file query_4.txt (compact mmCIF, C-alpha atoms)
# COMPACT_ATOMS: atom_id res chain seq x y z
CA MET A 1 16.83 28.76 -0.17
CA LYS A 2 15.86 25.19 -0.89
CA THR A 3 12.84 24.14 1.08
CA LEU A 4 11.09 21.14 2.50
CA LEU A 5 7.41 20.79 1.73
CA SER A 6 4.85 20.32 4.45
CA THR A 7 1.67 18.89 2.99
CA PHE A 8 -0.76 20.68 5.26
CA PHE A 9 -3.37 22.20 2.96
CA ILE A 10 -6.72 23.85 3.58
CA GLY A 11 -9.48 23.92 0.98
CA LEU A 12 -9.86 22.37 -2.43
CA ALA A 13 -6.91 20.84 -4.21
CA LEU A 14 -7.35 21.71 -7.86
CA PRO A 15 -4.70 20.38 -10.23
CA ALA A 16 -5.79 21.71 -13.56
CA ALA A 17 -5.90 19.57 -16.67
CA ALA A 18 -4.15 21.34 -19.54
CA ALA A 19 -5.43 20.83 -23.09
CA ASP A 20 -2.26 19.45 -24.67
CA ILE A 21 -0.56 16.70 -22.68
CA SER A 22 1.78 14.09 -24.09
CA SER A 23 3.95 11.47 -22.46
CA PHE A 24 6.53 8.83 -23.24
CA SER A 25 9.18 6.75 -21.50
CA LEU A 26 12.89 6.49 -22.20
CA ASP A 27 14.58 3.12 -22.58
CA ASN A 28 16.18 3.51 -19.14
CA GLY A 29 12.75 3.75 -17.49
CA MET A 30 12.44 7.51 -17.05
CA GLU A 31 8.90 8.80 -17.52
CA VAL A 32 8.46 12.10 -19.38
CA VAL A 33 5.36 14.30 -19.48
CA VAL A 34 5.01 17.40 -21.66
CA VAL A 35 2.43 20.09 -20.89
CA GLU A 36 2.14 22.54 -23.80
CA ASP A 37 1.36 26.18 -23.08
CA HIS A 38 2.43 28.62 -25.81
CA ARG A 39 1.12 31.86 -24.30
CA ALA A 40 4.58 32.98 -23.16
CA PRO A 41 8.13 31.96 -24.17
CA ILE A 42 8.70 30.29 -20.79
CA VAL A 43 9.42 26.70 -19.78
CA VAL A 44 9.30 24.97 -16.40
CA HIS A 45 11.61 21.97 -16.22
CA THR A 46 11.02 19.66 -13.24
CA VAL A 47 12.44 16.31 -12.16
CA TRP A 48 10.54 14.30 -9.56
CA TYR A 49 12.09 11.39 -7.69
CA LYS A 50 9.72 8.81 -6.23
CA VAL A 51 11.32 8.88 -2.80
CA GLY A 52 10.75 10.97 0.29
CA ALA A 53 10.86 11.04 4.06
CA ALA A 54 8.53 8.03 4.39
CA ASP A 55 11.06 5.88 2.50
CA GLU A 56 14.01 6.52 4.82
CA VAL A 57 15.89 3.82 6.68
CA PRO A 58 14.98 3.78 10.41
CA GLY A 59 17.44 5.93 12.34
CA LYS A 60 18.26 8.08 9.31
CA SER A 61 15.38 10.54 9.45
CA GLY A 62 15.92 13.65 7.35
CA ILE A 63 18.22 11.99 4.82
CA ALA A 64 15.86 12.70 1.89
CA HIS A 65 15.77 16.42 2.72
CA PHE A 66 19.50 16.46 3.54
CA LEU A 67 20.30 15.01 0.12
CA GLU A 68 18.09 17.65 -1.48
CA HIS A 69 20.47 20.26 -0.04
CA LEU A 70 23.55 18.34 -1.16
CA MET A 71 22.25 18.11 -4.73
CA PHE A 72 23.27 21.75 -5.16
CA LYS A 73 26.91 20.85 -4.64
CA GLY A 74 29.15 20.08 -7.58
CA THR A 75 29.67 17.30 -10.08
CA ASP A 76 32.67 16.46 -12.23
CA ASN A 77 31.34 19.03 -14.70
CA MET A 78 29.86 21.68 -12.40
CA GLU A 79 31.13 23.67 -9.43
CA ALA A 80 29.10 23.81 -6.25
CA GLY A 81 26.23 26.27 -6.76
CA GLU A 82 26.83 26.51 -10.49
CA LEU A 83 23.39 25.23 -11.51
CA SER A 84 21.50 27.85 -9.49
CA ALA A 85 23.94 30.58 -10.53
CA THR A 86 23.44 29.66 -14.19
CA VAL A 87 19.66 29.76 -13.83
CA THR A 88 19.86 33.20 -12.20
CA ARG A 89 22.28 34.49 -14.83
CA ASN A 90 19.78 33.44 -17.50
CA GLY A 91 16.96 35.35 -15.81
CA GLY A 92 15.25 32.31 -14.31
CA SER A 93 14.49 30.82 -10.92
CA ASP A 94 15.03 27.39 -9.38
CA ASN A 95 14.26 25.53 -6.20
CA ALA A 96 13.67 22.09 -4.72
CA PHE A 97 11.36 20.56 -2.15
CA THR A 98 10.96 17.34 -0.20
CA SER A 99 7.80 15.65 0.97
CA TRP A 100 7.02 12.29 2.55
CA ASP A 101 6.46 10.78 -0.90
CA TYR A 102 8.77 12.60 -3.31
CA THR A 103 11.68 14.96 -3.83
CA ALA A 104 11.52 17.45 -6.70
CA TYR A 105 13.82 19.92 -8.46
CA TYR A 106 12.67 22.63 -10.85
CA GLN A 107 13.85 25.52 -12.97
CA ARG A 108 11.77 28.22 -14.63
CA VAL A 109 13.61 29.81 -17.57
CA ALA A 110 13.18 31.17 -21.07
CA ALA A 111 12.07 28.38 -23.40
CA ASP A 112 15.29 28.44 -25.43
CA ARG A 113 17.28 27.57 -22.27
CA LEU A 114 15.61 24.16 -21.91
CA PRO A 115 18.58 22.22 -23.39
CA LEU A 116 20.92 23.83 -20.84
CA MET A 117 18.59 22.91 -17.95
CA MET A 118 18.34 19.32 -19.12
CA GLU A 119 22.09 19.04 -19.50
CA MET A 120 22.76 20.31 -15.98
CA GLU A 121 19.96 18.40 -14.24
CA ALA A 122 20.92 15.18 -15.98
CA ASP A 123 24.53 15.71 -14.91
CA ARG A 124 23.66 15.72 -11.22
CA MET A 125 21.25 12.76 -11.44
CA ARG A 126 24.20 10.36 -11.31
CA GLY A 127 27.29 12.58 -11.17
CA LEU A 128 26.94 14.30 -7.78
CA GLN A 129 30.16 14.88 -5.85
CA MET A 130 30.40 15.97 -2.22
CA THR A 131 33.28 16.39 0.14
CA GLU A 132 33.27 15.87 3.89
CA ASP A 133 33.32 19.65 4.25
CA ASP A 134 30.25 19.91 1.98
CA VAL A 135 28.40 17.42 4.17
CA ALA A 136 29.37 19.14 7.42
CA THR A 137 28.36 22.55 6.07
CA GLU A 138 24.97 21.42 4.79
CA ARG A 139 24.25 19.40 7.93
CA ASN A 140 24.69 22.61 9.92
CA VAL A 141 22.45 24.44 7.46
CA VAL A 142 19.72 21.83 7.93
CA LEU A 143 20.07 21.97 11.71
CA ALA A 144 19.74 25.75 11.55
CA GLU A 145 16.69 25.34 9.33
CA ARG A 146 15.14 22.96 11.84
CA ASN A 147 15.88 25.39 14.65
CA GLN A 148 14.31 28.29 12.76
CA ARG A 149 11.25 26.54 11.33
CA THR A 150 10.46 23.91 13.93
CA ASP A 151 12.26 24.17 17.26
CA SER A 152 11.56 27.90 17.61
CA ASP A 153 7.87 27.52 16.65
CA PRO A 154 5.60 25.81 19.19
CA GLY A 155 2.94 25.31 16.52
CA ALA A 156 5.39 23.41 14.32
CA LEU A 157 6.57 21.31 17.26
CA PHE A 158 2.95 20.58 18.13
CA ARG A 159 2.11 19.46 14.59
CA GLU A 160 5.20 17.24 14.64
CA GLN A 161 4.01 15.58 17.86
CA MET A 162 0.48 15.22 16.50
CA ARG A 163 1.73 13.46 13.39
CA ALA A 164 3.96 11.14 15.40
CA ALA A 165 0.89 10.15 17.43
CA GLN A 166 -1.26 9.77 14.32
CA PHE A 167 0.87 7.10 12.65
CA LEU A 168 2.07 4.22 14.82
CA ASN A 169 3.88 2.19 12.19
CA HIS A 170 4.07 4.19 8.96
CA GLY A 171 6.88 6.49 7.84
CA TYR A 172 4.43 9.40 7.65
CA SER A 173 5.10 9.80 11.38
CA ILE A 174 8.65 11.03 10.66
CA PRO A 175 9.30 14.77 10.24
CA ILE A 176 10.39 15.60 6.71
CA ILE A 177 13.31 17.60 8.05
CA GLY A 178 14.17 14.78 10.45
CA TRP A 179 14.57 14.43 14.21
CA ARG A 180 17.36 16.68 15.45
CA HIS A 181 19.39 13.92 17.13
CA GLU A 182 19.35 11.88 13.91
CA ILE A 183 20.16 14.82 11.62
CA GLU A 184 23.26 15.40 13.73
CA GLN A 185 24.51 11.89 12.84
CA LEU A 186 23.89 11.97 9.06
CA ASN A 187 27.12 11.58 7.10
CA ARG A 188 28.55 11.37 3.61
CA GLU A 189 28.08 7.60 3.37
CA ASP A 190 24.39 7.92 4.32
CA ALA A 191 23.86 10.55 1.63
CA PHE A 192 25.64 8.61 -1.10
CA ALA A 193 23.84 5.35 -0.24
CA PHE A 194 20.46 7.06 -0.51
CA TYR A 195 21.50 8.91 -3.67
CA ARG A 196 22.81 5.86 -5.50
CA GLN A 197 19.74 3.80 -4.74
CA TYR A 198 16.97 6.27 -5.52
CA TYR A 199 18.35 8.98 -7.83
CA ALA A 200 18.02 7.11 -11.07
CA PRO A 201 16.07 7.54 -14.30
CA ASN A 202 13.88 4.52 -13.53
CA ASN A 203 12.77 6.21 -10.30
CA ALA A 204 12.17 9.65 -11.81
CA ILE A 205 9.53 11.58 -13.70
CA LEU A 206 10.44 14.53 -15.91
CA VAL A 207 7.70 17.13 -16.37
CA VAL A 208 8.31 19.89 -18.91
CA ALA A 209 5.63 22.57 -19.13
CA GLY A 210 5.44 25.69 -21.24
CA ASP A 211 6.30 26.93 -24.72
CA VAL A 212 7.72 23.66 -26.02
CA ASP A 213 7.22 21.15 -28.81
CA PRO A 214 6.76 17.54 -27.60
CA GLU A 215 8.98 16.09 -30.30
CA GLU A 216 11.76 18.52 -29.44
CA VAL A 217 11.41 17.64 -25.75
CA LYS A 218 11.63 13.96 -26.64
CA THR A 219 14.81 14.50 -28.62
CA LEU A 220 16.37 16.53 -25.82
CA ALA A 221 15.34 13.99 -23.16
CA GLN A 222 16.85 11.15 -25.16
CA THR A 223 20.03 13.16 -25.64
CA TYR A 224 20.59 14.20 -22.02
CA TYR A 225 18.71 11.71 -19.85
CA GLY A 226 18.68 8.73 -22.20
CA PRO A 227 22.32 7.64 -21.65
CA ILE A 228 21.98 7.56 -17.82
CA GLU A 229 22.13 4.05 -16.39
CA PRO A 230 19.16 2.95 -14.27
CA THR A 231 19.39 1.43 -10.80
CA ILE A 232 19.31 -2.32 -11.35
CA GLY A 233 16.86 -4.23 -9.19
CA LEU A 234 15.07 -1.15 -7.88
CA GLN A 235 11.89 -2.43 -6.25
CA GLU A 236 8.50 -0.81 -5.95
CA ARG A 237 8.34 0.93 -2.61
CA VAL A 238 6.93 -1.26 0.12
CA ARG A 239 6.12 0.51 3.36
CA PRO A 240 4.90 -0.63 6.76
CA THR A 241 1.13 -0.45 7.05
CA GLU A 242 -0.84 1.04 9.91
CA PRO A 243 -2.56 -1.33 12.33
CA PRO A 244 -6.24 -0.66 13.06
CA GLN A 245 -6.60 2.39 15.29
CA LEU A 246 -8.84 1.20 18.11
CA ALA A 247 -8.79 4.15 20.49
CA GLU A 248 -8.69 7.91 20.32
CA ARG A 249 -5.27 9.41 21.00
CA ARG A 250 -4.96 12.65 22.94
CA LEU A 251 -2.07 14.90 23.79
CA THR A 252 -1.51 18.23 25.49
CA MET A 253 1.47 20.45 24.82
CA ARG A 254 2.37 23.51 26.85
CA ASP A 255 4.88 26.10 25.72
CA ALA A 256 5.61 29.55 27.12
CA ARG A 257 5.77 30.95 23.58
CA VAL A 258 2.11 30.11 22.80
CA SER A 259 0.03 33.27 22.54
CA GLN A 260 -3.16 31.72 21.15
CA PRO A 261 -4.20 28.28 22.45
CA TYR A 262 -6.16 26.01 20.14
CA VAL A 263 -7.55 22.52 19.68
CA THR A 264 -6.82 20.44 16.63
CA ARG A 265 -7.99 16.99 15.65
CA THR A 266 -6.79 14.89 12.75
CA TYR A 267 -8.37 11.71 11.44
CA ILE A 268 -6.86 9.00 9.25
CA ALA A 269 -8.61 9.35 5.88
CA PRO A 270 -8.50 7.69 2.44
CA GLU A 271 -6.05 9.10 -0.10
CA ARG A 272 -6.64 9.72 -3.79
CA ASN A 273 -6.37 6.35 -5.47
CA PRO A 274 -5.68 5.58 -9.15
CA GLY A 275 -8.94 4.89 -10.93
CA ASP A 276 -11.09 5.65 -7.87
CA GLN A 277 -10.94 9.24 -6.62
CA SER A 278 -14.59 9.65 -5.64
CA GLU A 279 -14.17 9.41 -1.85
CA ALA A 280 -11.22 11.80 -1.94
CA ALA A 281 -13.31 14.25 -3.97
CA ALA A 282 -16.11 14.05 -1.40
CA LEU A 283 -13.61 14.75 1.40
CA GLU A 284 -12.35 17.82 -0.48
CA PHE A 285 -15.90 19.15 -0.46
CA LEU A 286 -16.41 18.20 3.18
CA ALA A 287 -13.33 20.18 4.25
CA SER A 288 -14.46 23.24 2.32
CA LEU A 289 -18.04 23.05 3.56
CA LEU A 290 -17.05 22.62 7.20
CA GLY A 291 -14.27 25.15 7.46
CA GLY A 292 -12.39 25.78 4.26
CA ASP A 293 -13.24 29.47 3.99
CA GLY A 294 -13.31 30.18 7.72
CA ALA A 295 -16.06 32.51 8.89
CA THR A 296 -18.67 31.69 6.20
CA SER A 297 -18.25 27.92 6.51
CA TYR A 298 -20.52 25.67 8.58
CA LEU A 299 -18.17 25.67 11.57
CA GLY A 300 -17.48 29.37 11.17
CA GLN A 301 -21.14 30.35 11.15
CA ALA A 302 -21.96 28.16 14.13
CA LEU A 303 -18.92 28.84 16.30
CA MET A 304 -17.97 32.40 15.39
CA PHE A 305 -21.42 33.99 14.96
CA ASP A 306 -24.45 31.96 16.10
CA ASP A 307 -22.87 31.06 19.47
CA PRO A 308 -19.45 32.76 19.55
CA LYS A 309 -16.94 30.33 20.94
CA ALA A 310 -14.08 30.77 18.46
CA ILE A 311 -11.98 33.44 16.82
CA PHE A 312 -10.82 30.94 14.19
CA VAL A 313 -12.00 27.61 12.79
CA SER A 314 -10.73 25.49 9.95
CA ALA A 315 -11.12 22.12 8.29
CA PHE A 316 -8.62 20.57 5.90
CA TYR A 317 -8.06 17.42 3.90
CA ASN A 318 -4.76 16.10 2.58
CA GLY A 319 -5.23 13.15 0.27
CA SER A 320 -2.35 13.74 -2.14
CA SER A 321 -0.22 10.89 -0.83
CA VAL A 322 0.88 7.41 -1.80
CA ASP A 323 -0.67 5.78 1.23
CA LEU A 324 -2.96 7.24 3.89
CA GLY A 325 -4.44 10.73 3.97
CA THR A 326 -5.58 12.90 6.86
CA PHE A 327 -8.63 15.03 7.57
CA GLY A 328 -8.39 17.74 10.22
CA LEU A 329 -10.29 20.29 12.28
CA VAL A 330 -8.98 23.34 14.19
CA ILE A 331 -10.68 25.67 16.67
CA ALA A 332 -9.08 28.61 18.48
CA PRO A 333 -11.42 29.80 21.27
CA VAL A 334 -12.36 33.34 22.19
CA PRO A 335 -10.90 34.68 25.45
CA GLY A 336 -12.63 33.16 28.44
CA VAL A 337 -13.54 29.89 26.70
CA SER A 338 -11.37 26.96 27.74
CA LEU A 339 -9.98 24.46 25.28
CA GLU A 340 -12.18 21.80 26.89
CA ASN A 341 -15.30 23.85 26.23
CA ALA A 342 -14.10 24.73 22.73
CA GLU A 343 -13.77 21.02 21.98
CA ILE A 344 -17.23 20.35 23.38
CA ALA A 345 -18.66 23.08 21.13
CA LEU A 346 -16.77 21.69 18.13
CA ASP A 347 -18.07 18.17 18.75
CA ALA A 348 -21.64 19.41 19.17
CA THR A 349 -21.41 21.33 15.89
CA ILE A 350 -20.03 18.32 14.02
CA LYS A 351 -22.81 16.16 15.47
CA LYS A 352 -25.39 18.71 14.31
CA PHE A 353 -23.87 18.75 10.82
CA LEU A 354 -24.07 14.97 10.60
CA GLN A 355 -27.75 15.17 11.56
CA GLU A 356 -28.73 18.11 9.32
CA GLY A 357 -26.70 17.28 6.24
CA VAL A 358 -25.31 19.58 3.55
CA ASP A 359 -26.77 23.01 2.89
CA LEU A 360 -27.67 22.76 -0.80
CA GLU A 361 -27.22 26.47 -1.49
CA GLN A 362 -23.75 26.46 0.03
CA PHE A 363 -22.92 23.27 -1.86
CA GLU A 364 -23.88 24.74 -5.24
CA ARG A 365 -21.97 27.94 -4.46
CA LEU A 366 -18.89 25.84 -3.72
CA LYS A 367 -19.23 24.00 -7.03
CA THR A 368 -19.35 27.33 -8.87
CA GLN A 369 -16.19 28.44 -7.10
CA LEU A 370 -14.55 25.16 -8.02
CA ARG A 371 -15.27 25.59 -11.72
CA ALA A 372 -13.84 29.10 -11.64
CA SER A 373 -10.73 27.84 -9.85
CA GLN A 374 -10.15 25.31 -12.62
CA VAL A 375 -10.08 28.12 -15.16
CA TYR A 376 -7.75 30.31 -13.09
CA ALA A 377 -5.40 27.40 -12.42
CA GLN A 378 -4.65 27.18 -16.14
CA ASP A 379 -2.89 30.57 -15.96
CA ASN A 380 0.05 29.43 -13.85
CA ILE A 381 2.49 27.23 -15.72
CA GLU A 382 4.43 26.40 -12.55
CA SER A 383 1.23 25.17 -10.88
CA LEU A 384 0.49 23.00 -13.90
CA ALA A 385 3.95 21.45 -13.82
CA ARG A 386 3.80 20.96 -10.07
CA GLY A 387 0.30 19.49 -10.16
CA TYR A 388 1.21 16.89 -12.76
CA GLY A 389 4.51 16.06 -11.08
CA GLN A 390 3.02 15.61 -7.63
CA ASP A 391 0.06 13.54 -8.78
CA LEU A 392 2.09 11.28 -11.06
CA THR A 393 4.69 10.71 -8.35
CA ILE A 394 2.07 9.53 -5.85
CA GLY A 395 0.87 6.96 -8.36
CA LEU A 396 -1.97 8.65 -10.23
CA SER A 397 -2.15 8.43 -14.01
CA ILE A 398 -2.47 11.23 -16.53
CA ASP A 399 -6.06 10.13 -17.04
CA ASP A 400 -6.69 10.40 -13.28
CA ILE A 401 -5.34 13.96 -13.32
CA LYS A 402 -7.37 14.97 -16.36
CA THR A 403 -10.60 13.52 -14.96
CA TRP A 404 -10.15 14.89 -11.41
CA PRO A 405 -12.18 18.07 -12.14
CA ASP A 406 -15.00 15.87 -13.49
CA VAL A 407 -14.81 13.63 -10.41
CA LEU A 408 -15.10 16.72 -8.21
CA ASP A 409 -18.00 18.04 -10.27
CA ALA A 410 -19.84 14.72 -9.91
CA VAL A 411 -19.79 14.81 -6.09
CA THR A 412 -23.27 14.92 -4.54
CA PRO A 413 -24.39 16.01 -1.07
CA GLU A 414 -25.04 12.34 -0.33
CA ASP A 415 -21.41 11.53 -1.19
CA VAL A 416 -20.21 14.23 1.21
CA MET A 417 -22.32 12.93 4.07
CA ALA A 418 -21.23 9.34 3.47
CA ALA A 419 -17.58 10.44 3.60
CA ALA A 420 -18.23 12.49 6.75
CA LYS A 421 -19.84 9.59 8.59
CA SER A 422 -17.00 7.28 7.54
CA VAL A 423 -14.10 9.53 8.51
CA LEU A 424 -15.31 11.64 11.46
CA ASN A 425 -14.84 8.88 14.01
CA LYS A 426 -12.95 9.76 17.19
CA SER A 427 -11.50 6.27 17.53
CA ASN A 428 -9.65 7.05 14.31
CA ALA A 429 -8.34 10.42 15.48
CA VAL A 430 -5.71 12.30 17.43
CA THR A 431 -6.93 15.30 19.43
CA GLY A 432 -4.41 17.81 20.68
CA PHE A 433 -4.43 20.88 22.94
CA LEU A 434 -1.74 23.51 22.45
CA MET A 435 -1.59 26.05 25.28
CA PRO A 436 0.76 28.34 27.22
CA GLU A 437 2.70 27.26 30.26
CA MET A 438 0.64 26.92 33.43
CA THR A 439 0.55 29.98 35.68
CA SER A 440 0.75 29.77 39.45
CA ASP A 441 -3.04 30.26 39.56
CA ASP A 442 -3.51 27.31 37.19
CA THR A 443 -1.27 25.15 39.36
CA GLN A 444 -3.27 26.11 42.48
CA LYS A 445 -6.57 25.29 40.75
CA ASP A 446 -5.24 21.84 39.71
CA ALA A 447 -4.11 21.18 43.27
CA GLU A 448 -7.56 22.06 44.64
CA GLN A 449 -9.38 19.74 42.23
call {"tool": "encode", "arguments": {"input": "query_4.txt", "output": "structure tokens"}}
result
Amino acid sequence: MKTLLSTFFIGLALPAAAADISSFSLDNGMEVVVVEDHRAPIVVHTVWYKVGAADEVPGKSGIAHFLEHLMFKGTDNMEAGELSATVTRNGGSDNAFTSWDYTAYYQRVAADRLPLMMEMEADRMRGLQMTEDDVATERNVVLAERNQRTDSDPGALFREQMRAAQFLNHGYSIPIIGWRHEIEQLNREDAFAFYRQYYAPNNAILVVAGDVDPEEVKTLAQTYYGPIEPTIGLQERVRPTEPPQLAERRLTMRDARVSQPYVTRTYIAPERNPGDQSEAAALEFLASLLGGDGATSYLGQALMFDDPKAIFVSAFYNGSSVDLGTFGLVIAPVPGVSLENAEIALDATIKKFLQEGVDLEQFERLKTQLRASQVYAQDNIESLARGYGQDLTIGLSIDDIKTWPDVLDAVTPEDVMAAAKSVLNKSNAVTGFLMPEMTSDDTQKDAEQ
């Protein structure tokens, strides 16, 4: 089933730089990147549109993800579902995903099926057809998806509320899948308006990775994508900016379905920026040092072993975005420890880290793991295609992607501490408690206080 993408990662982001990368642009503005990998007769064909949930018109939340579903309907040349059926019949796989910053479609097939994939993907770039019945059916599918993945999961609802509190003015506050009451109102005209504006060659990046020849890819791209007309007057995306966050934001959510209460805190953080990725690299290390591998991390050692207060701790950084990134901490307390005391212990541990600095042995061990990860990442052609597509779509250059491992390798303990002191500021954070419904005993205790 086609999926939305939630950019909630833990640990190091490691887009690998392949040895043979080439790129060119078509006359209609479409960017094309070719990643050569001749170890297996496989190709991954991906099209990335530079539009996502953060680009939606107010009141139309979920339209980017809704259109992703509708893209698997028919065209003048294809029946509904024909593209996916053709991929399956040829022994391949396909999917699509939506984020706040992009929407992407991919197929993984035998290398000699690349012309067929280009022909079909190019056909639906401008030739999508959808009936009122198609729209009604997919709207119900999306509502069911929201019910299954979000409304029935208190953790997902909690994260949704946290994000809405994090961003006051930016589109990153909007759920990728959309708010239920707005999904229910999405219609055919909304879908076509969004499609006609943003699904165009001059708003798309084609990434082809695998057993291919760059010149052949260029010929095929010119043949199938080259004739497609661009959107005239398409502007660079301009989004509302966040005002200064002057006070800590806090929220508490209770839900009878919660079995394990926890505290989470997210901070606004810098994103990876073209030409200057050093702070983002330091934040990647900070997340891994603090909690990226759980029990053996700084938070894990302090809060799960030295003075057991938690059964789980984590730290994460998401900087792969066009605009702002986030840095987060999570602690789930052991039975008998309240969320208030868990937060106190977390804050004390962070304060101690800021005073003590980075453990050099742990830091060097992490760098060794990073270098190994770069080697392993080369083995997955889908990861290569996805890494290049994501990073290019958020505005990074091929050179930025290639040099990212070197930027990570150049990070020093001093860089990590500078990033920590800059970002770990409560006035720039949202702190949330997720817990079960109050019992009668809890209610009595509150009344007595």
call {"tool": "atom_distance", "arguments": {"input": "query_4.txt", "atom1": "atom CA of A:Pro214", "atom2": "atom CA of A:Arg124"}}
result
23.6 Å
call {"tool": "residues_near_point", "arguments": {"input": "query_4.txt", "point": "(29.9, 9.0, 2.2)", "cutoff": "9 Å", "atoms": "all atoms listed in the file", "output": "mmCIF file with C-alpha atoms, keeping the file's coordinate frame"}}
result
data_model
loop_
_atom_site.group_PDB
_atom_site.id
_atom_site.type_symbol
_atom_site.label_atom_id
_atom_site.label_comp_id
_atom_site.auth_asym_id
_atom_site.auth_seq_id
_atom_site.Cartn_x
_atom_site.Cartn_y
_atom_site.Cartn_z
ATOM 1 C CA MET A 130 30.400 15.970 -2.220
ATOM 2 C CA THR A 131 33.280 16.390 0.140
ATOM 3 C CA GLU A 132 33.270 15.870 3.890
ATOM 4 C CA VAL A 135 28.400 17.420 4.170
ATOM 5 C CA ASN A 187 27.120 11.580 7.100
ATOM 6 C CA ARG A 188 28.550 11.370 3.610
ATOM 7 C CA GLU A 189 28.080 7.600 3.370
ATOM 8 C CA ASP A 190 24.390 7.920 4.320
ATOM 9 C CA ALA A 191 23.860 10.550 1.630
ATOM 10 C CA PHE A 192 25.640 8.610 -1.100
ATOM 11 C CA ALA A 193 23.840 5.350 -0.240
#
call {"tool": "atom_distance", "arguments": {"input": "query_4.txt", "atom1": "atom CA of A:Asn28", "atom2": "atom CA of A:Pro201"}}
result
6.3 Å
call {"tool": "closest_atom_pairs", "arguments": {"input": "query_4.txt", "of": "stretch 304-369 of chain A", "to": "stretch 280-289 of chain A", "cutoff": "8 Å", "atoms": "all atoms listed in the file", "output": "tab-separated table"}}
result
residue	atom	partner	partner_atom	distance
A:Ala315	CA	A:Ala287	CA	5.0
A:Phe316	CA	A:Ala287	CA	5.0
A:Tyr317	CA	A:Ala287	CA	6.0
A:Gly319	CA	A:Ala280	CA	6.5
A:Phe327	CA	A:Ala287	CA	7.7
A:Gln362	CA	A:Leu289	CA	7.5
A:Phe363	CA	A:Leu289	CA	7.3
A:Leu366	CA	A:Leu289	CA	7.8
call {"tool": "closest_residue", "arguments": {"input": "query_4.txt", "among": "A:Ala332, A:Val423, A:Val238, A:Val43", "to": "A:Ile350", "atoms": "all atoms listed in the file"}}
result
A:Val423
call {"tool": "closest_residue", "arguments": {"input": "query_4.txt", "among": "A:Leu220, A:Met30, A:Leu392, A:Ile228", "to": "A:Tyr102", "atoms": "all atoms listed in the file"}}
result
A:Leu392
call {"tool": "axis_aligned_box", "arguments": {"input": "query_4.txt", "around": "stretch 48-59 of chain A", "padding_each_side": "5 Å", "output": "lines of an AutoDock Vina configuration file"}}
result
center_x = 13.0
center_y = 9.0
center_z = 1.4
size_x = 18.9
size_y = 20.5
size_z = 31.9
call {"tool": "residues_near_point", "arguments": {"input": "query_4.txt", "point": "(-6.7, 16.7, 18.7)", "cutoff": "9 Å", "atoms": "only C-alpha atoms", "output": "PyMOL selection string"}}
result
chain A and resi 162+249-252+263-267+328-330+343+429-433
